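my_file04.cif follows; it contains mmCIF, N, CA and C atoms.
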data_target
#
loop_
_atom_site.label_atom_id
_atom_site.label_comp_id
_atom_site.auth_asym_id
_atom_site.auth_seq_id
_atom_site.Cartn_x
_atom_site.Cartn_y
_atom_site.Cartn_z
N MET A 7 11.69 -2.71 -19.36
CA MET A 7 10.88 -3.63 -18.58
C MET A 7 10.32 -2.89 -17.36
N SER A 8 9.05 -3.03 -17.13
CA SER A 8 8.43 -2.31 -16.02
C SER A 8 8.65 -3.07 -14.71
N ASP A 9 8.64 -2.32 -13.62
CA ASP A 9 8.77 -2.93 -12.30
C ASP A 9 7.58 -3.84 -12.04
N ASP A 10 7.82 -4.83 -11.22
CA ASP A 10 6.79 -5.74 -10.76
C ASP A 10 5.63 -4.93 -10.17
N ILE A 11 4.42 -5.39 -10.36
CA ILE A 11 3.24 -4.69 -9.85
C ILE A 11 3.31 -4.55 -8.33
N ARG A 12 3.91 -5.53 -7.65
CA ARG A 12 4.02 -5.43 -6.20
C ARG A 12 4.91 -4.26 -5.79
N ILE A 13 5.97 -4.03 -6.55
CA ILE A 13 6.88 -2.89 -6.30
C ILE A 13 6.14 -1.59 -6.55
N ARG A 14 5.44 -1.52 -7.67
CA ARG A 14 4.71 -0.29 -8.02
C ARG A 14 3.59 0.00 -7.04
N PHE A 15 2.88 -1.06 -6.61
CA PHE A 15 1.81 -0.87 -5.62
C PHE A 15 2.40 -0.36 -4.31
N GLY A 16 3.48 -0.97 -3.87
CA GLY A 16 4.13 -0.55 -2.63
C GLY A 16 4.62 0.88 -2.68
N ARG A 17 5.16 1.27 -3.82
CA ARG A 17 5.62 2.64 -4.01
C ARG A 17 4.46 3.62 -3.91
N ARG A 18 3.35 3.26 -4.53
CA ARG A 18 2.16 4.11 -4.49
C ARG A 18 1.58 4.19 -3.07
N LEU A 19 1.54 3.06 -2.38
CA LEU A 19 1.05 3.03 -1.01
C LEU A 19 1.90 3.94 -0.13
N ARG A 20 3.22 3.82 -0.23
CA ARG A 20 4.11 4.66 0.57
C ARG A 20 3.91 6.14 0.25
N GLN A 21 3.74 6.44 -1.04
CA GLN A 21 3.52 7.83 -1.46
C GLN A 21 2.27 8.41 -0.80
N LEU A 22 1.17 7.67 -0.85
CA LEU A 22 -0.08 8.15 -0.26
C LEU A 22 0.00 8.20 1.27
N ARG A 23 0.65 7.21 1.86
CA ARG A 23 0.77 7.18 3.32
C ARG A 23 1.59 8.35 3.83
N THR A 24 2.73 8.61 3.21
CA THR A 24 3.57 9.72 3.68
C THR A 24 2.91 11.06 3.41
N ALA A 25 2.20 11.18 2.28
CA ALA A 25 1.49 12.43 1.98
C ALA A 25 0.41 12.69 3.03
N ALA A 26 -0.16 11.63 3.57
CA ALA A 26 -1.19 11.77 4.61
C ALA A 26 -0.58 11.98 5.99
N GLY A 27 0.74 11.87 6.09
CA GLY A 27 1.41 12.05 7.38
C GLY A 27 1.14 10.92 8.36
N VAL A 28 0.99 9.71 7.82
CA VAL A 28 0.66 8.55 8.64
C VAL A 28 1.87 7.60 8.66
N SER A 29 2.22 7.12 9.84
CA SER A 29 3.31 6.15 9.96
C SER A 29 2.82 4.77 9.53
N GLN A 30 3.76 3.86 9.28
CA GLN A 30 3.38 2.49 8.95
C GLN A 30 2.61 1.87 10.12
N GLU A 31 3.05 2.14 11.32
CA GLU A 31 2.38 1.60 12.50
C GLU A 31 0.94 2.11 12.58
N LYS A 32 0.75 3.40 12.37
CA LYS A 32 -0.60 3.99 12.43
C LYS A 32 -1.47 3.43 11.31
N LEU A 33 -0.92 3.30 10.11
CA LEU A 33 -1.70 2.74 9.00
C LEU A 33 -2.12 1.31 9.34
N GLY A 34 -1.22 0.56 9.94
CA GLY A 34 -1.57 -0.79 10.37
C GLY A 34 -2.75 -0.77 11.33
N GLU A 35 -2.70 0.12 12.31
CA GLU A 35 -3.80 0.24 13.27
C GLU A 35 -5.11 0.62 12.58
N LEU A 36 -5.03 1.61 11.71
CA LEU A 36 -6.23 2.10 11.01
C LEU A 36 -6.82 1.06 10.05
N SER A 37 -5.94 0.19 9.54
CA SER A 37 -6.35 -0.80 8.54
C SER A 37 -6.63 -2.18 9.13
N GLY A 38 -6.29 -2.38 10.38
CA GLY A 38 -6.44 -3.70 10.97
C GLY A 38 -5.37 -4.67 10.50
N LEU A 39 -4.21 -4.12 10.14
CA LEU A 39 -3.09 -4.93 9.65
C LEU A 39 -1.87 -4.70 10.54
N HIS A 40 -0.95 -5.62 10.53
CA HIS A 40 0.27 -5.47 11.32
C HIS A 40 1.22 -4.50 10.62
N ARG A 41 1.93 -3.70 11.41
CA ARG A 41 2.89 -2.74 10.86
C ARG A 41 3.92 -3.43 9.97
N ALA A 42 4.38 -4.60 10.39
CA ALA A 42 5.38 -5.33 9.60
C ALA A 42 4.82 -5.72 8.24
N PHE A 43 3.53 -6.06 8.19
CA PHE A 43 2.90 -6.40 6.93
C PHE A 43 2.85 -5.18 6.02
N VAL A 44 2.47 -4.04 6.57
CA VAL A 44 2.44 -2.80 5.79
C VAL A 44 3.84 -2.52 5.22
N SER A 45 4.86 -2.70 6.03
CA SER A 45 6.23 -2.48 5.59
C SER A 45 6.60 -3.42 4.43
N MET A 46 6.23 -4.68 4.56
CA MET A 46 6.54 -5.65 3.51
C MET A 46 5.79 -5.33 2.22
N VAL A 47 4.56 -4.85 2.34
CA VAL A 47 3.80 -4.46 1.14
C VAL A 47 4.50 -3.28 0.47
N GLU A 48 4.92 -2.30 1.25
CA GLU A 48 5.59 -1.13 0.67
C GLU A 48 6.90 -1.49 -0.02
N ARG A 49 7.55 -2.54 0.44
CA ARG A 49 8.80 -2.98 -0.18
C ARG A 49 8.57 -3.95 -1.34
N GLY A 50 7.30 -4.28 -1.59
CA GLY A 50 6.97 -5.18 -2.69
C GLY A 50 7.23 -6.64 -2.36
N GLU A 51 7.33 -6.95 -1.08
CA GLU A 51 7.63 -8.31 -0.65
C GLU A 51 6.39 -9.16 -0.44
N ARG A 52 5.24 -8.53 -0.38
CA ARG A 52 3.98 -9.25 -0.18
C ARG A 52 3.02 -8.92 -1.29
N ASN A 53 2.30 -9.92 -1.71
CA ASN A 53 1.24 -9.74 -2.69
C ASN A 53 -0.05 -9.50 -1.91
N VAL A 54 -0.80 -8.50 -2.27
CA VAL A 54 -2.00 -8.17 -1.51
C VAL A 54 -3.26 -8.67 -2.23
N THR A 55 -4.26 -8.99 -1.44
CA THR A 55 -5.56 -9.36 -1.98
C THR A 55 -6.40 -8.10 -2.14
N ILE A 56 -7.48 -8.23 -2.85
CA ILE A 56 -8.38 -7.09 -3.03
C ILE A 56 -8.96 -6.67 -1.67
N ALA A 57 -9.14 -7.62 -0.76
CA ALA A 57 -9.64 -7.29 0.58
C ALA A 57 -8.61 -6.43 1.34
N THR A 58 -7.33 -6.73 1.14
CA THR A 58 -6.28 -5.93 1.79
C THR A 58 -6.22 -4.54 1.19
N VAL A 59 -6.41 -4.44 -0.11
CA VAL A 59 -6.43 -3.12 -0.75
C VAL A 59 -7.56 -2.29 -0.15
N GLU A 60 -8.70 -2.92 0.06
CA GLU A 60 -9.83 -2.21 0.66
C GLU A 60 -9.49 -1.73 2.07
N LYS A 61 -8.87 -2.57 2.88
CA LYS A 61 -8.48 -2.19 4.24
C LYS A 61 -7.50 -1.02 4.22
N LEU A 62 -6.52 -1.07 3.33
CA LEU A 62 -5.54 0.02 3.25
C LEU A 62 -6.21 1.32 2.80
N ALA A 63 -7.11 1.23 1.85
CA ALA A 63 -7.82 2.43 1.38
C ALA A 63 -8.66 3.03 2.50
N ARG A 64 -9.33 2.20 3.26
CA ARG A 64 -10.12 2.71 4.39
C ARG A 64 -9.21 3.37 5.41
N GLY A 65 -8.06 2.74 5.68
CA GLY A 65 -7.11 3.31 6.63
C GLY A 65 -6.59 4.67 6.20
N LEU A 66 -6.40 4.83 4.90
CA LEU A 66 -5.89 6.10 4.36
C LEU A 66 -7.02 7.06 3.97
N LYS A 67 -8.25 6.60 4.11
CA LYS A 67 -9.42 7.41 3.73
C LYS A 67 -9.32 7.86 2.27
N CYS A 68 -9.03 6.89 1.42
CA CYS A 68 -8.96 7.17 -0.02
C CYS A 68 -9.74 6.09 -0.76
N ARG A 69 -9.87 6.26 -2.04
CA ARG A 69 -10.53 5.26 -2.87
C ARG A 69 -9.55 4.13 -3.14
N MET A 70 -10.07 2.94 -3.31
CA MET A 70 -9.20 1.82 -3.66
C MET A 70 -8.43 2.12 -4.95
N ALA A 71 -9.10 2.76 -5.88
CA ALA A 71 -8.46 3.09 -7.15
C ALA A 71 -7.26 4.01 -6.97
N ASP A 72 -7.27 4.83 -5.92
CA ASP A 72 -6.14 5.73 -5.67
C ASP A 72 -4.86 4.96 -5.36
N LEU A 73 -5.00 3.75 -4.86
CA LEU A 73 -3.83 2.93 -4.53
C LEU A 73 -3.25 2.21 -5.74
N MET A 74 -4.00 2.19 -6.83
CA MET A 74 -3.55 1.46 -8.02
C MET A 74 -2.57 2.26 -8.85
N PRO A 75 -1.36 1.75 -9.05
CA PRO A 75 -0.41 2.47 -9.90
C PRO A 75 -0.79 2.30 -11.37
N ASP A 76 -0.47 3.29 -12.15
CA ASP A 76 -0.70 3.19 -13.59
C ASP A 76 0.36 2.26 -14.20
N ALA A 77 0.03 1.66 -15.31
CA ALA A 77 0.97 0.76 -15.98
C ALA A 77 2.25 1.50 -16.37
N GLU A 78 2.13 2.80 -16.64
CA GLU A 78 3.28 3.59 -17.06
C GLU A 78 4.22 3.91 -15.89
N ASP A 79 3.77 3.64 -14.64
CA ASP A 79 4.58 3.97 -13.47
C ASP A 79 5.79 3.05 -13.31
N GLY A 80 5.87 2.00 -14.12
CA GLY A 80 6.99 1.05 -14.00
C GLY A 80 8.12 1.56 -14.75
#
What is this file in structure tokens?
Amino acid sequence: MSDDIRIRFGRRLRQLRTAAGVSQEKLGELSGLHRAFVSMVERGERNVTIATVEKLARGLKCRMADLMPDAEDG
């Protein structure tokens, strides 16, 4: 059974954020989101909208598609 998409998305977000050397607080600032929200997304506790995906991608200076985990990642 694959992990919930929220877990996989959060894992991918954390992977890209840490690779970029950006803290959760900084990503929140860059994305216009609260640091606590970013943390909850990374833990799979929040479901994100497509608008939030766009904000996170802009904050990380990546494509929205880069944040999408593959189905096999579960």
Selection in question (the file shown): the PyMOL selection byres (((chain A and resi 17-30 and name CA) around 9) and name CA). Which residues does it include, as number ranges by chain? A: 12-16, 31-35, 40-42, 44-45, 47-50, 62, 66, 68, 72-75
At what distance in Å, to one decimal, does CA of Asp9 (chain A) lie from CA of Gly38 (chain A)? 27.8 Å
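Separating CA of Leu39 (chain A) from atom N of Asp76 (chain A) is a distance of 23.4 Å.
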Per DSSP on the backbone, filter region 39-75 of chain A down to the residues in helix (DSSP H, G or I) and report them as an MDAnalysis selection string. chainID A and resid 41:48 56:66 70:73
Give, as lines of an AutoDock Vina configuration file, the centre coordinates and the x, y and z edge lengths in Å to one decimal for an axis-aligned box around all listed atoms of region 25-39 of chain A, padded by 8 Å on each side.
center_x = -1.5
center_y = 3.9
center_z = 7.6
size_x = 26.6
size_y = 33.6
size_z = 27.3
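Taking CA of Asp10 (chain A) and CA of Lys67 (chain A) as endpoints, the distance between them is 25.4 Å.
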Could you pull the residues within 10 Å of Thr58 (chain A), counting only C-alpha atoms, minus those fewer than 5 positions along the same chain, as a ChimeraX atom specification? /A:37-39,53,63-64,70
Just add all heavy atoms to region 29-40 of chain A and send it as an mmCIF file, in the coordinates of the input.
data_model
loop_
_atom_site.group_PDB
_atom_site.id
_atom_site.type_symbol
_atom_site.label_atom_id
_atom_site.label_comp_id
_atom_site.auth_asym_id
_atom_site.auth_seq_id
_atom_site.Cartn_x
_atom_site.Cartn_y
_atom_site.Cartn_z
ATOM 1 N N SER A 29 2.220 7.120 9.840
ATOM 2 C CA SER A 29 3.310 6.150 9.960
ATOM 3 C C SER A 29 2.820 4.770 9.530
ATOM 4 O O SER A 29 1.612 4.518 9.456
ATOM 5 C CB SER A 29 3.808 6.073 11.405
ATOM 6 O OG SER A 29 2.814 5.491 12.239
ATOM 7 N N GLN A 30 3.760 3.860 9.280
ATOM 8 C CA GLN A 30 3.380 2.490 8.950
ATOM 9 C C GLN A 30 2.610 1.870 10.120
ATOM 10 O O GLN A 30 1.629 1.161 9.905
ATOM 11 C CB GLN A 30 4.615 1.651 8.644
ATOM 12 C CG GLN A 30 5.262 1.977 7.337
ATOM 13 C CD GLN A 30 6.515 1.157 7.082
ATOM 14 O OE1 GLN A 30 7.107 0.594 7.999
ATOM 15 N NE2 GLN A 30 6.924 1.095 5.832
ATOM 16 N N GLU A 31 3.050 2.140 11.320
ATOM 17 C CA GLU A 31 2.380 1.600 12.500
ATOM 18 C C GLU A 31 0.940 2.110 12.580
ATOM 19 O O GLU A 31 0.007 1.326 12.814
ATOM 20 C CB GLU A 31 3.141 1.980 13.767
ATOM 21 C CG GLU A 31 2.558 1.378 15.018
ATOM 22 C CD GLU A 31 3.411 1.606 16.252
ATOM 23 O OE1 GLU A 31 4.416 2.343 16.173
ATOM 24 O OE2 GLU A 31 3.057 1.043 17.288
ATOM 25 N N LYS A 32 0.750 3.400 12.370
ATOM 26 C CA LYS A 32 -0.600 3.990 12.430
ATOM 27 C C LYS A 32 -1.470 3.430 11.310
ATOM 28 O O LYS A 32 -2.654 3.129 11.536
ATOM 29 C CB LYS A 32 -0.515 5.515 12.356
ATOM 30 C CG LYS A 32 -1.847 6.195 12.550
ATOM 31 C CD LYS A 32 -2.408 5.934 13.941
ATOM 32 C CE LYS A 32 -3.693 6.682 14.175
ATOM 33 N NZ LYS A 32 -4.274 6.361 15.485
ATOM 34 N N LEU A 33 -0.920 3.300 10.110
ATOM 35 C CA LEU A 33 -1.700 2.740 9.000
ATOM 36 C C LEU A 33 -2.120 1.310 9.340
ATOM 37 O O LEU A 33 -3.245 0.910 9.053
ATOM 38 C CB LEU A 33 -0.934 2.787 7.681
ATOM 39 C CG LEU A 33 -1.670 2.189 6.480
ATOM 40 C CD1 LEU A 33 -3.035 2.843 6.263
ATOM 41 C CD2 LEU A 33 -0.809 2.293 5.233
ATOM 42 N N GLY A 34 -1.220 0.560 9.940
ATOM 43 C CA GLY A 34 -1.570 -0.790 10.370
ATOM 44 C C GLY A 34 -2.750 -0.770 11.330
ATOM 45 O O GLY A 34 -3.698 -1.550 11.173
ATOM 46 N N GLU A 35 -2.700 0.120 12.310
ATOM 47 C CA GLU A 35 -3.800 0.240 13.270
ATOM 48 C C GLU A 35 -5.110 0.620 12.580
ATOM 49 O O GLU A 35 -6.152 0.016 12.831
ATOM 50 C CB GLU A 35 -3.483 1.299 14.323
ATOM 51 C CG GLU A 35 -2.395 0.932 15.289
ATOM 52 C CD GLU A 35 -2.026 2.095 16.202
ATOM 53 O OE1 GLU A 35 -2.817 3.053 16.323
ATOM 54 O OE2 GLU A 35 -0.930 2.040 16.783
ATOM 55 N N LEU A 36 -5.030 1.610 11.710
ATOM 56 C CA LEU A 36 -6.230 2.100 11.010
ATOM 57 C C LEU A 36 -6.820 1.060 10.050
ATOM 58 O O LEU A 36 -8.018 1.066 9.784
ATOM 59 C CB LEU A 36 -5.912 3.378 10.239
ATOM 60 C CG LEU A 36 -5.531 4.599 11.067
ATOM 61 C CD1 LEU A 36 -4.994 5.706 10.159
ATOM 62 C CD2 LEU A 36 -6.729 5.088 11.871
ATOM 63 N N SER A 37 -5.940 0.190 9.540
ATOM 64 C CA SER A 37 -6.350 -0.800 8.540
ATOM 65 C C SER A 37 -6.630 -2.180 9.130
ATOM 66 O O SER A 37 -7.109 -3.057 8.413
ATOM 67 C CB SER A 37 -5.250 -0.950 7.479
ATOM 68 O OG SER A 37 -4.957 0.279 6.892
ATOM 69 N N GLY A 38 -6.290 -2.380 10.380
ATOM 70 C CA GLY A 38 -6.440 -3.700 10.970
ATOM 71 C C GLY A 38 -5.370 -4.670 10.500
ATOM 72 O O GLY A 38 -5.600 -5.878 10.429
ATOM 73 N N LEU A 39 -4.210 -4.120 10.140
ATOM 74 C CA LEU A 39 -3.090 -4.930 9.650
ATOM 75 C C LEU A 39 -1.870 -4.700 10.540
ATOM 76 O O LEU A 39 -1.768 -3.672 11.205
ATOM 77 C CB LEU A 39 -2.740 -4.532 8.209
ATOM 78 C CG LEU A 39 -3.872 -4.663 7.185
ATOM 79 C CD1 LEU A 39 -3.498 -3.959 5.894
ATOM 80 C CD2 LEU A 39 -4.181 -6.130 6.934
ATOM 81 N N HIS A 40 -0.950 -5.620 10.530
ATOM 82 C CA HIS A 40 0.270 -5.470 11.320
ATOM 83 C C HIS A 40 1.220 -4.500 10.620
ATOM 84 O O HIS A 40 1.316 -4.489 9.394
ATOM 85 C CB HIS A 40 0.945 -6.833 11.497
ATOM 86 C CG HIS A 40 1.988 -6.842 12.558
ATOM 87 N ND1 HIS A 40 3.265 -6.414 12.326
ATOM 88 C CD2 HIS A 40 1.926 -7.210 13.854
ATOM 89 C CE1 HIS A 40 3.964 -6.525 13.449
ATOM 90 N NE2 HIS A 40 3.167 -7.016 14.390
#
